[in-house]
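data32.pdb, holding PDB, C-alpha atoms:
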```pdb
ATOM      1  CA  MET A   1      63.026 130.857  82.066
ATOM      2  CA  SER A   2      62.538 131.526  85.775
ATOM      3  CA  THR A   3      64.933 131.606  88.700
ATOM      4  CA  GLU A   4      63.931 132.064  92.344
ATOM      5  CA  ALA A   5      63.960 134.677  95.071
ATOM      6  CA  ARG A   6      63.404 134.068  98.765
ATOM      7  CA  LEU A   7      60.781 135.393 101.154
ATOM      8  CA  HIS A   8      61.735 136.303 104.718
ATOM      9  CA  ARG A   9      59.380 136.289 107.699
ATOM     10  CA  SER A  10      59.261 139.434 109.778
ATOM     11  CA  ASN A  11      57.353 140.407 112.893
ATOM     12  CA  ASN A  12      57.261 143.986 114.148
ATOM     13  CA  GLY A  13      55.733 143.679 117.601
ATOM     14  CA  ILE A  14      52.289 142.141 118.227
ATOM     15  CA  ASN A  15      50.419 144.097 115.540
ATOM     16  CA  PHE A  16      52.336 143.282 112.347
ATOM     17  CA  ARG A  17      53.661 140.197 110.614
ATOM     18  CA  ALA A  18      54.749 139.755 107.025
ATOM     19  CA  TYR A  19      56.489 137.714 104.398
ATOM     20  CA  THR A  20      58.987 140.138 102.883
ATOM     21  CA  LEU A  21      60.494 139.845  99.431
ATOM     22  CA  ARG A  22      63.775 141.520  98.531
ATOM     23  CA  GLY A  23      65.850 140.413  95.567
ATOM     24  CA  GLU A  24      69.429 139.242  95.931
ATOM     25  CA  SER A  25      70.300 142.205  93.698
ATOM     26  CA  VAL A  26      68.519 145.349  92.559
ATOM     27  CA  ALA A  27      68.389 143.961  89.024
ATOM     28  CA  GLN A  28      66.475 140.828  90.072
ATOM     29  CA  LEU A  29      63.209 142.641  90.933
ATOM     30  CA  ASP A  30      63.761 146.010  89.201
ATOM     31  CA  PRO A  31      61.679 148.252  89.209
ATOM     32  CA  PHE A  32      60.260 146.747  92.427
ATOM     33  CA  LEU A  33      62.347 147.335  95.548
ATOM     34  CA  ALA A  34      60.451 145.115  97.990
ATOM     35  CA  VAL A  35      57.048 143.580  98.701
ATOM     36  CA  ASP A  36      55.463 142.722 102.053
ATOM     37  CA  HIS A  37      52.585 140.232 102.201
ATOM     38  CA  ALA A  38      51.366 141.536 105.526
ATOM     39  CA  TRP A  39      48.806 141.300 108.312
ATOM     40  CA  MET A  40      48.357 144.406 110.475
ATOM     41  CA  SER A  41      46.042 144.509 113.483
ATOM     42  CA  GLY A  42      46.995 147.786 115.157
ATOM     43  CA  PRO A  43      49.101 150.934 114.792
ATOM     44  CA  THR A  44      52.507 149.640 113.750
ATOM     45  CA  PHE A  45      54.570 152.381 112.136
ATOM     46  CA  PRO A  46      54.537 155.977 113.442
ATOM     47  CA  PRO A  47      54.474 158.780 110.857
ATOM     48  CA  HIS A  48      57.561 158.192 108.726
ATOM     49  CA  PRO A  49      59.267 159.730 105.684
ATOM     50  CA  HIS A  50      59.570 158.371 102.154
ATOM     51  CA  ALA A  51      61.665 159.741  99.298
ATOM     52  CA  GLY A  52      62.746 158.547  95.860
ATOM     53  CA  PHE A  53      60.212 155.755  95.283
ATOM     54  CA  SER A  54      56.504 154.904  95.500
ATOM     55  CA  ALA A  55      54.860 153.235  98.491
ATOM     56  CA  VAL A  56      51.815 151.269  97.338
ATOM     57  CA  SER A  57      49.207 149.650  99.588
ATOM     58  CA  TYR A  58      46.757 147.069  98.236
ATOM     59  CA  LEU A  59      44.155 145.440 100.476
ATOM     60  CA  PHE A  60      42.871 141.972  99.669
ATOM     61  CA  LEU A  61      39.118 141.499  99.472
ATOM     62  CA  ASP A  62      39.209 139.260 102.574
ATOM     63  CA  SER A  63      40.739 142.005 104.741
ATOM     64  CA  GLU A  64      38.692 142.331 107.950
ATOM     65  CA  THR A  65      38.980 146.092 108.006
ATOM     66  CA  SER A  66      40.141 149.128 106.050
ATOM     67  CA  ILE A  67      43.219 151.334 106.405
ATOM     68  CA  ALA A  68      43.122 154.959 107.525
ATOM     69  CA  ASN A  69      45.716 156.702 105.345
ATOM     70  CA  ARG A  70      47.129 160.212 105.638
ATOM     71  CA  ASP A  71      50.184 162.141 104.501
ATOM     72  CA  SER A  72      51.896 165.507 104.809
ATOM     73  CA  LEU A  73      50.379 166.639 101.494
ATOM     74  CA  GLY A  74      47.030 166.885 103.259
ATOM     75  CA  ASN A  75      45.607 163.657 101.802
ATOM     76  CA  LYS A  76      43.385 161.727 104.179
ATOM     77  CA  ASN A  77      41.333 158.742 103.040
ATOM     78  CA  ILE A  78      40.144 155.240 103.858
ATOM     79  CA  ILE A  79      41.550 152.357 101.800
ATOM     80  CA  GLN A  80      38.760 149.791 101.681
ATOM     81  CA  PRO A  81      39.242 146.026 101.208
ATOM     82  CA  GLY A  82      40.015 145.434  97.536
ATOM     83  CA  GLY A  83      41.275 149.002  97.071
ATOM     84  CA  LEU A  84      44.702 150.494  96.395
ATOM     85  CA  HIS A  85      46.602 153.655  97.316
ATOM     86  CA  TRP A  86      49.799 154.771  95.544
ATOM     87  CA  THR A  87      52.055 157.389  97.169
ATOM     88  CA  ALA A  88      54.761 158.647  94.807
ATOM     89  CA  ALA A  89      57.160 160.097  97.359
ATOM     90  CA  GLY A  90      59.337 162.001  94.894
ATOM     91  CA  ARG A  91      61.494 164.488  96.768
ATOM     92  CA  GLY A  92      59.836 163.668 100.079
ATOM     93  CA  VAL A  93      56.625 163.062 102.029
ATOM     94  CA  VAL A  94      55.616 161.981 105.529
ATOM     95  CA  HIS A  95      53.134 159.110 105.610
ATOM     96  CA  GLU A  96      51.060 157.024 108.018
ATOM     97  CA  GLU A  97      48.653 154.092 107.664
ATOM     98  CA  ILE A  98      46.769 152.331 110.483
ATOM     99  CA  PRO A  99      43.856 149.863 110.635
ATOM    100  CA  ALA A 100      40.539 151.718 110.602
ATOM    101  CA  GLU A 101      39.005 149.454 113.284
ATOM    102  CA  GLN A 102      40.605 148.139 116.448
ATOM    103  CA  GLU A 103      40.927 144.381 117.016
ATOM    104  CA  LYS A 104      40.454 143.638 113.305
ATOM    105  CA  THR A 105      43.203 142.595 110.922
ATOM    106  CA  VAL A 106      44.190 144.196 107.634
ATOM    107  CA  HIS A 107      45.344 141.680 104.997
ATOM    108  CA  MET A 108      47.443 143.539 102.457
ATOM    109  CA  LEU A 109      50.399 143.995 100.183
ATOM    110  CA  GLN A 110      52.911 146.773 100.781
ATOM    111  CA  ILE A 111      54.665 147.292  97.460
ATOM    112  CA  PHE A 112      57.721 149.520  97.070
ATOM    113  CA  VAL A 113      58.261 150.617  93.472
ATOM    114  CA  ASN A 114      61.290 152.584  92.352
ATOM    115  CA  LEU A 115      60.840 155.882  90.526
ATOM    116  CA  PRO A 116      62.798 156.797  87.400
ATOM    117  CA  LYS A 117      65.743 158.990  88.353
ATOM    118  CA  GLU A 118      64.248 162.053  86.651
ATOM    119  CA  LYS A 119      61.083 161.732  88.787
ATOM    120  CA  GLN A 120      62.800 161.283  92.139
ATOM    121  CA  LYS A 121      63.058 165.031  92.732
ATOM    122  CA  GLU A 122      59.548 165.862  91.587
ATOM    123  CA  HIS A 123      56.771 166.982  93.932
ATOM    124  CA  PRO A 124      55.127 164.011  95.691
ATOM    125  CA  PHE A 125      51.564 162.989  94.848
ATOM    126  CA  ALA A 126      49.065 160.254  95.629
ATOM    127  CA  LEU A 127      46.682 158.106  93.572
ATOM    128  CA  SER A 128      43.729 156.141  94.949
ATOM    129  CA  LEU A 129      41.821 153.295  93.315
ATOM    130  CA  PRO A 130      38.644 152.043  95.031
ATOM    131  CA  SER A 131      37.816 148.369  94.869
ATOM    132  CA  GLN A 132      34.813 148.785  92.581
ATOM    133  CA  ASP A 133      36.963 150.497  89.934
ATOM    134  CA  ILE A 134      39.503 147.661  89.630
ATOM    135  CA  PRO A 135      38.666 145.702  86.457
ATOM    136  CA  VAL A 136      38.081 141.962  86.767
ATOM    137  CA  ILE A 137      38.576 139.231  84.180
ATOM    138  CA  GLN A 138      36.238 136.373  85.028
ATOM    139  CA  GLU A 139      36.141 132.910  83.512
ATOM    140  CA  THR A 140      35.058 129.513  84.777
ATOM    141  CA  GLY A 141      37.233 128.672  87.759
ATOM    142  CA  ALA A 142      39.399 131.805  87.558
ATOM    143  CA  ARG A 143      39.166 135.455  88.554
ATOM    144  CA  VAL A 144      41.868 138.029  87.758
ATOM    145  CA  ARG A 145      41.793 141.519  89.269
ATOM    146  CA  VAL A 146      43.920 143.832  87.108
ATOM    147  CA  VAL A 147      45.102 145.936  90.039
ATOM    148  CA  LEU A 148      47.741 147.926  88.131
ATOM    149  CA  GLY A 149      48.729 148.138  84.500
ATOM    150  CA  GLN A 150      47.142 146.070  81.752
ATOM    151  CA  LEU A 151      46.337 142.463  80.865
ATOM    152  CA  GLY A 152      45.332 141.940  77.243
ATOM    153  CA  GLU A 153      42.783 144.629  76.445
ATOM    154  CA  ILE A 154      41.853 145.203  80.095
ATOM    155  CA  LYS A 155      43.552 148.203  81.727
ATOM    156  CA  ALA A 156      43.512 149.514  85.291
ATOM    157  CA  PRO A 157      42.155 153.085  85.404
ATOM    158  CA  ILE A 158      45.183 154.875  86.908
ATOM    159  CA  ASP A 159      48.423 155.827  85.162
ATOM    160  CA  THR A 160      51.460 155.250  87.355
ATOM    161  CA  PRO A 161      54.872 156.976  87.221
ATOM    162  CA  THR A 162      56.642 153.596  86.848
ATOM    163  CA  GLU A 163      55.532 150.987  84.296
ATOM    164  CA  VAL A 164      54.242 147.996  86.287
ATOM    165  CA  ASN A 165      51.486 145.381  86.206
ATOM    166  CA  VAL A 166      49.938 143.684  89.246
ATOM    167  CA  TYR A 167      47.415 140.831  88.844
ATOM    168  CA  ASP A 168      45.507 139.381  91.832
ATOM    169  CA  ILE A 169      44.553 135.865  90.660
ATOM    170  CA  SER A 170      42.144 133.416  92.318
ATOM    171  CA  LEU A 171      41.894 129.859  90.966
ATOM    172  CA  ASP A 172      39.498 127.044  91.794
ATOM    173  CA  ASP A 173      40.947 123.601  92.491
ATOM    174  CA  LYS A 174      42.587 122.043  89.409
ATOM    175  CA  LYS A 175      42.025 125.186  87.313
ATOM    176  CA  GLU A 176      44.813 126.046  84.854
ATOM    177  CA  LEU A 177      45.596 129.567  83.657
ATOM    178  CA  ARG A 178      48.291 131.119  81.474
ATOM    179  CA  ILE A 179      49.382 134.734  81.985
ATOM    180  CA  SER A 180      51.635 136.628  79.594
ATOM    181  CA  ILE A 181      54.631 138.648  80.824
ATOM    182  CA  PRO A 182      55.233 141.621  78.500
ATOM    183  CA  ALA A 183      58.467 141.744  76.541
ATOM    184  CA  GLY A 184      61.111 143.732  78.418
ATOM    185  CA  HIS A 185      59.537 143.179  81.858
ATOM    186  CA  ASN A 186      60.954 141.495  84.941
ATOM    187  CA  ALA A 187      58.317 139.469  86.793
ATOM    188  CA  PHE A 188      57.699 137.343  89.872
ATOM    189  CA  VAL A 189      54.814 135.333  91.344
ATOM    190  CA  LEU A 190      53.837 135.582  95.013
ATOM    191  CA  PRO A 191      51.629 132.771  96.447
ATOM    192  CA  ILE A 192      49.048 134.212  98.865
ATOM    193  CA  PHE A 193      47.164 131.112 100.006
ATOM    194  CA  GLY A 194      46.753 127.505  98.943
ATOM    195  CA  SER A 195      49.016 125.386  96.758
ATOM    196  CA  SER A 196      49.815 125.835  93.095
ATOM    197  CA  GLU A 197      52.082 124.630  90.355
ATOM    198  CA  ILE A 198      53.883 127.473  88.610
ATOM    199  CA  ASP A 199      55.498 126.315  85.383
ATOM    200  CA  GLY A 200      55.200 122.749  86.672
ATOM    201  CA  LYS A 201      56.899 123.354  90.045
ATOM    202  CA  HIS A 202      55.055 123.235  93.363
ATOM    203  CA  TYR A 203      54.736 126.448  95.404
ATOM    204  CA  ALA A 204      52.642 127.400  98.424
ATOM    205  CA  SER A 205      52.245 130.387 100.713
ATOM    206  CA  ASP A 206      54.351 128.696 103.415
ATOM    207  CA  ILE A 207      57.271 127.920 101.060
ATOM    208  CA  PRO A 208      59.923 130.674 101.125
ATOM    209  CA  ASN A 209      61.071 130.446  97.503
ATOM    210  CA  ILE A 210      59.129 132.098  94.687
ATOM    211  CA  PRO A 211      59.681 132.133  90.903
ATOM    212  CA  VAL A 212      61.320 135.185  89.301
ATOM    213  CA  TYR A 213      61.512 135.893  85.559
ATOM    214  CA  ALA A 214      64.268 138.060  84.078
ATOM    215  CA  HIS A 215      63.221 140.418  81.301
ATOM    216  CA  SER A 216      63.405 139.121  77.756
ATOM    217  CA  ASP A 217      63.148 140.645  74.294
ATOM    218  CA  GLN A 218      60.068 138.508  73.759
ATOM    219  CA  ALA A 219      56.923 138.014  75.820
ATOM    220  CA  GLN A 220      57.052 135.138  78.300
ATOM    221  CA  GLU A 221      54.272 133.044  79.781
ATOM    222  CA  VAL A 222      53.496 131.914  83.318
ATOM    223  CA  GLN A 223      51.568 128.641  83.603
ATOM    224  CA  LEU A 224      49.455 128.362  86.763
ATOM    225  CA  LEU A 225      47.631 125.312  88.132
ATOM    226  CA  ALA A 226      45.713 125.167  91.414
ATOM    227  CA  THR A 227      46.550 121.967  93.287
ATOM    228  CA  ASN A 228      44.979 120.553  96.440
ATOM    229  CA  GLY A 229      42.154 123.105  96.633
ATOM    230  CA  ASP A 230      41.562 126.724  95.685
ATOM    231  CA  CYS A 231      44.499 129.115  95.639
ATOM    232  CA  LYS A 232      45.469 132.739  95.196
ATOM    233  CA  VAL A 233      48.656 134.198  93.707
ATOM    234  CA  VAL A 234      49.720 137.694  92.717
ATOM    235  CA  ILE A 235      51.816 138.267  89.604
ATOM    236  CA  PHE A 236      54.030 141.372  89.444
ATOM    237  CA  THR A 237      55.700 142.584  86.244
ATOM    238  CA  GLY A 238      57.621 145.789  85.545
ATOM    239  CA  LYS A 239      59.928 147.432  83.060
ATOM    240  CA  PRO A 240      63.366 147.636  84.737
ATOM    241  CA  LEU A 241      64.882 151.069  85.299
ATOM    242  CA  HIS A 242      68.530 149.923  85.254
ATOM    243  CA  GLN A 243      69.626 152.525  87.812
ATOM    244  CA  PRO A 244      71.517 152.281  91.120
ATOM    245  CA  VAL A 245      69.636 152.249  94.422
ATOM    246  CA  TYR A 246      71.065 153.796  97.606
ATOM    247  CA  TRP A 247      69.020 153.097 100.744
ATOM    248  CA  LYS A 248      68.704 154.754 104.125
ATOM    249  CA  GLY A 249      65.700 153.478 106.071
ATOM    250  CA  PRO A 250      62.520 154.421 104.177
ATOM    251  CA  MET A 251      64.356 156.459 101.530
ATOM    252  CA  ALA A 252      65.892 155.125  98.316
ATOM    253  CA  LEU A 253      67.517 157.273  95.634
ATOM    254  CA  SER A 254      69.763 156.748  92.634
ATOM    255  CA  THR A 255      72.880 158.540  93.932
ATOM    256  CA  GLN A 256      74.516 158.876  97.330
ATOM    257  CA  THR A 257      74.410 162.665  96.974
ATOM    258  CA  ASP A 258      70.661 162.656  96.321
ATOM    259  CA  LEU A 259      70.125 160.359  99.293
ATOM    260  CA  ALA A 260      72.141 162.644 101.578
ATOM    261  CA  ASP A 261      70.168 165.644 100.290
ATOM    262  CA  ALA A 262      66.865 163.867 101.029
ATOM    263  CA  VAL A 263      67.935 162.967 104.566
ATOM    264  CA  SER A 264      68.998 166.569 105.165
ATOM    265  CA  ALA A 265      65.724 167.924 103.750
ATOM    266  CA  TYR A 266      63.709 165.670 106.058
ATOM    267  CA  GLN A 267      65.744 166.711 109.082
ATOM    268  CA  GLN A 268      65.045 170.354 108.162
ATOM    269  CA  GLY A 269      61.293 169.698 108.055
ATOM    270  CA  LYS A 270      60.990 170.119 104.285
ATOM    271  CA  PHE A 271      58.901 166.944 103.890
ATOM    272  CA  GLY A 272      56.105 168.540 105.937
ATOM    273  CA  ALA A 273      54.492 166.946 108.964
ATOM    274  CA  LEU A 274      51.337 165.197 110.153
TER     275      LEU A 274
END
```

Show me the file's structure as structure tokens.
Amino acid sequence: MSTEARLHRSNNGINFRAYTLRGESVAQLDPFLAVDHAWMSGPTFPPHPHAGFSAVSYLFLDSETSIANRDSLGNKNIIQPGGLHWTAAGRGVVHEEIPAEQEKTVHMLQIFVNLPKEKQKEHPFALSLPSQDIPVIQETGARVRVVLGQLGEIKAPIDTPTEVNVYDISLDDKKELRISIPAGHNAFVLPIFGSSEIDGKHYASDIPNIPVYAHSDQAQEVQLLATNGDCKVVIFTGKPLHQPVYWKGPMALSTQTDLADAVSAYQQGKFGAL
């Protein structure tokens, strides 16, 4: 049985716009903290810290350009359209991402995934997944990119510190598809373009409400139908962590003490620099 969460439009200057998802409570989206469906056409965020969670960037295949990514661990790479980069911030990292080419627009998801409490003080690390390594399930009228996690017997090739699944789904007009939500997982469906029926209810990329599924002891099923042309949706599922979240800007930890310690460590330069 699904409920709904609400997307909010945001615009950070002339180079960035997004539909941002935050649950009404931590439990609603757990272990996800937030998701931005975003368009970025120029440098938007200066080098900034993260601590306590993972910052994940996924570029859609229709993105006009790549992202130049770098962090204070010394990682420097290009995230190509269709590719993904996962930064597990742990006890702290400084991070920056900008479009690789001027006057072209990145079409992407920014996904913020909580870390289990015991991993929030571990050394940060990064994982990259190029587009060609993301497995694809293809059938007539439907294409599913298994970006993270597993769908049936098909598994994405990176192991993540938080148990999540992300499926990028493209449907031809009038195509129906059923996707299973694993037992014990929260889930939600984010329309990207076009119109669809999700469990018999109409949704589109310009409608602010999206369906959310609370975890259950048994597997659940999402029923998708493309209406009025082709469509794309992304399904997110994750095993909830059931832990508190204390925020301060781009840091989120499970206790107020740990959050204060992270802020102090950043101010002392312990996250490194770019």

Gap from atom CA of Leu259 of chain A to atom CA of Lys117 of chain A - Å, one decimal: 11.9 Å

Fewer than 6 positions away in the same chain doesn't count, so skip those; otherwise give me all residues within 12 Å of Lys248 of chain A, counting all atoms listed in the file, as an mmCIF file with C-alpha atoms, keeping the file's coordinate frame.
```
data_model
loop_
_atom_site.group_PDB
_atom_site.id
_atom_site.type_symbol
_atom_site.label_atom_id
_atom_site.label_comp_id
_atom_site.auth_asym_id
_atom_site.auth_seq_id
_atom_site.Cartn_x
_atom_site.Cartn_y
_atom_site.Cartn_z
ATOM 1 C CA PRO A 49 59.267 159.730 105.684
ATOM 2 C CA HIS A 50 59.570 158.371 102.154
ATOM 3 C CA ALA A 51 61.665 159.741 99.298
ATOM 4 C CA GLY A 52 62.746 158.547 95.860
ATOM 5 C CA SER A 254 69.763 156.748 92.634
ATOM 6 C CA THR A 255 72.880 158.540 93.932
ATOM 7 C CA GLN A 256 74.516 158.876 97.330
ATOM 8 C CA ASP A 258 70.661 162.656 96.321
ATOM 9 C CA LEU A 259 70.125 160.359 99.293
ATOM 10 C CA ALA A 260 72.141 162.644 101.578
ATOM 11 C CA ASP A 261 70.168 165.644 100.290
ATOM 12 C CA ALA A 262 66.865 163.867 101.029
ATOM 13 C CA VAL A 263 67.935 162.967 104.566
ATOM 14 C CA SER A 264 68.998 166.569 105.165
#
```

Would you be able to write out as a PyMOL selection string which residues have an atom within 9 Å of (57.0, 170.7, 102.3) in the file's coordinates, counting all atoms listed in the file? chain A and resi 72-73+92-93+269-273

Taking into account all atoms listed in the file, which residue in the set A:Leu115, A:Ala88, A:Ala68, A:Ala226 is nearest to Val245 of chain A?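 Among the listed residues, A:Leu115 lies closest to Val245 of chain A.
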
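Shell of Val233 of chain A at 6 Å, with all atoms listed in the file counted and residues fewer than 3 places along the chain excluded, is Ile169, Leu190, Pro191 and Ile192 of chain A.
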
Please write as a PyMOL selection string the full residue list that the PyMOL selection byres ((chain A and resi 227) around 9) yields on this file. chain A and resi 172-175+194-197+202+225-226+228-231

Around the point (55.7, 155.5, 94.3) (coordinates from the file), which residues reach within 6 Å if we count only C-alpha atoms? Answer as a ChimeraX atom specification. /A:53-55,87-89,113

Enumerate, as a VMD selection string, the residues matched when the PyMOL selection byres ((chain A and resi 183) around 12) is run on the file above. chain A and resid 180 to 182 184 to 187 213 to 221 237 to 240

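Among the candidates A:Leu84, A:Leu241, A:Ala265, A:Ile179, the residue lying nearest to Leu224 of chain A is A:Ile179 (atoms considered: all atoms listed in the file).
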
Using only C-alpha atoms, which protein or nucleic acid residues come within 9 Å of Gly42 of chain A? Drop anything in the same chain fewer than 3 positions from it, and give the result as a list in words.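 Neighbouring residues, sequence-local ones excluded: Ile14, Asn15, Phe16, Ile98, Pro99, Ala100, Glu101, Gln102, Glu103, Lys104, Thr105 and Val106 of chain A.
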
Enumerate, as a ChimeraX atom specification, the residues matched when the PyMOL selection byres ((chain A and resi 132) around 12) is run on the file above. /A:61,79-84,128-131,133-136,145-147,156-157

Write out as a VMD selection string which residues come within 12 Å of Val144 of chain A when counting only C-alpha atoms, dropping same-chain ones fewer than 3 positions away. chain A and resid 134 to 141 147 to 148 150 to 152 154 to 156 166 to 172 177 to 179 232 to 235

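Minimum distance to His48 of chain A across A:Glu96, A:Ser10, A:Gly200, A:Thr3 (counting all atoms listed in the file) occurs at A:Glu96.
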
Rounded to one decimal place, report the atom CA of Thr160 of chain A-atom CA of Leu253 of chain A distance in Å. 18.2 Å

Please, could N, CA and C atoms be added to segment 16-33 of chain A and the result written as a compact mmCIF listing (two decimals), keeping the file's coordinate frame?
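Once everything was written out, this is rebuild_0.txt:
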```txt
# COMPACT_ATOMS: atom_id res chain seq x y z
N PHE A 16 51.94 143.36 113.76
CA PHE A 16 52.34 143.28 112.35
C PHE A 16 53.18 142.04 112.11
N ARG A 17 52.82 141.29 111.08
CA ARG A 17 53.66 140.20 110.61
C ARG A 17 53.61 140.18 109.09
N ALA A 18 54.67 139.67 108.48
CA ALA A 18 54.75 139.76 107.02
C ALA A 18 55.71 138.72 106.47
N TYR A 19 55.48 138.36 105.23
CA TYR A 19 56.49 137.71 104.40
C TYR A 19 57.06 138.80 103.50
N THR A 20 58.35 139.03 103.60
CA THR A 20 58.99 140.14 102.88
C THR A 20 59.86 139.61 101.77
N LEU A 21 59.70 140.21 100.60
CA LEU A 21 60.49 139.84 99.43
C LEU A 21 61.46 140.97 99.11
N ARG A 22 62.74 140.63 99.06
CA ARG A 22 63.78 141.52 98.53
C ARG A 22 64.67 140.67 97.64
N GLY A 23 65.00 141.17 96.47
CA GLY A 23 65.85 140.41 95.57
C GLY A 23 67.28 140.34 96.07
N GLU A 24 68.01 139.35 95.58
CA GLU A 24 69.43 139.24 95.93
C GLU A 24 70.23 140.38 95.33
N SER A 25 69.69 141.02 94.31
CA SER A 25 70.30 142.21 93.70
C SER A 25 69.19 143.13 93.25
N VAL A 26 69.50 144.39 93.05
CA VAL A 26 68.52 145.35 92.56
C VAL A 26 67.95 144.89 91.22
N ALA A 27 68.82 144.34 90.37
CA ALA A 27 68.39 143.96 89.02
C ALA A 27 67.36 142.85 89.04
N GLN A 28 67.35 142.00 90.07
CA GLN A 28 66.47 140.83 90.07
C GLN A 28 64.99 141.21 90.07
N LEU A 29 64.61 142.24 90.82
CA LEU A 29 63.21 142.64 90.93
C LEU A 29 62.90 143.96 90.25
N ASP A 30 63.88 144.69 89.82
CA ASP A 30 63.76 146.01 89.20
C ASP A 30 62.56 146.06 88.23
N PRO A 31 61.61 147.03 88.41
CA PRO A 31 61.68 148.25 89.21
C PRO A 31 61.11 148.13 90.62
N PHE A 32 60.74 146.92 91.06
CA PHE A 32 60.26 146.75 92.43
C PHE A 32 61.46 146.71 93.37
N LEU A 33 61.31 147.34 94.53
CA LEU A 33 62.35 147.34 95.55
C LEU A 33 62.08 146.28 96.61
```
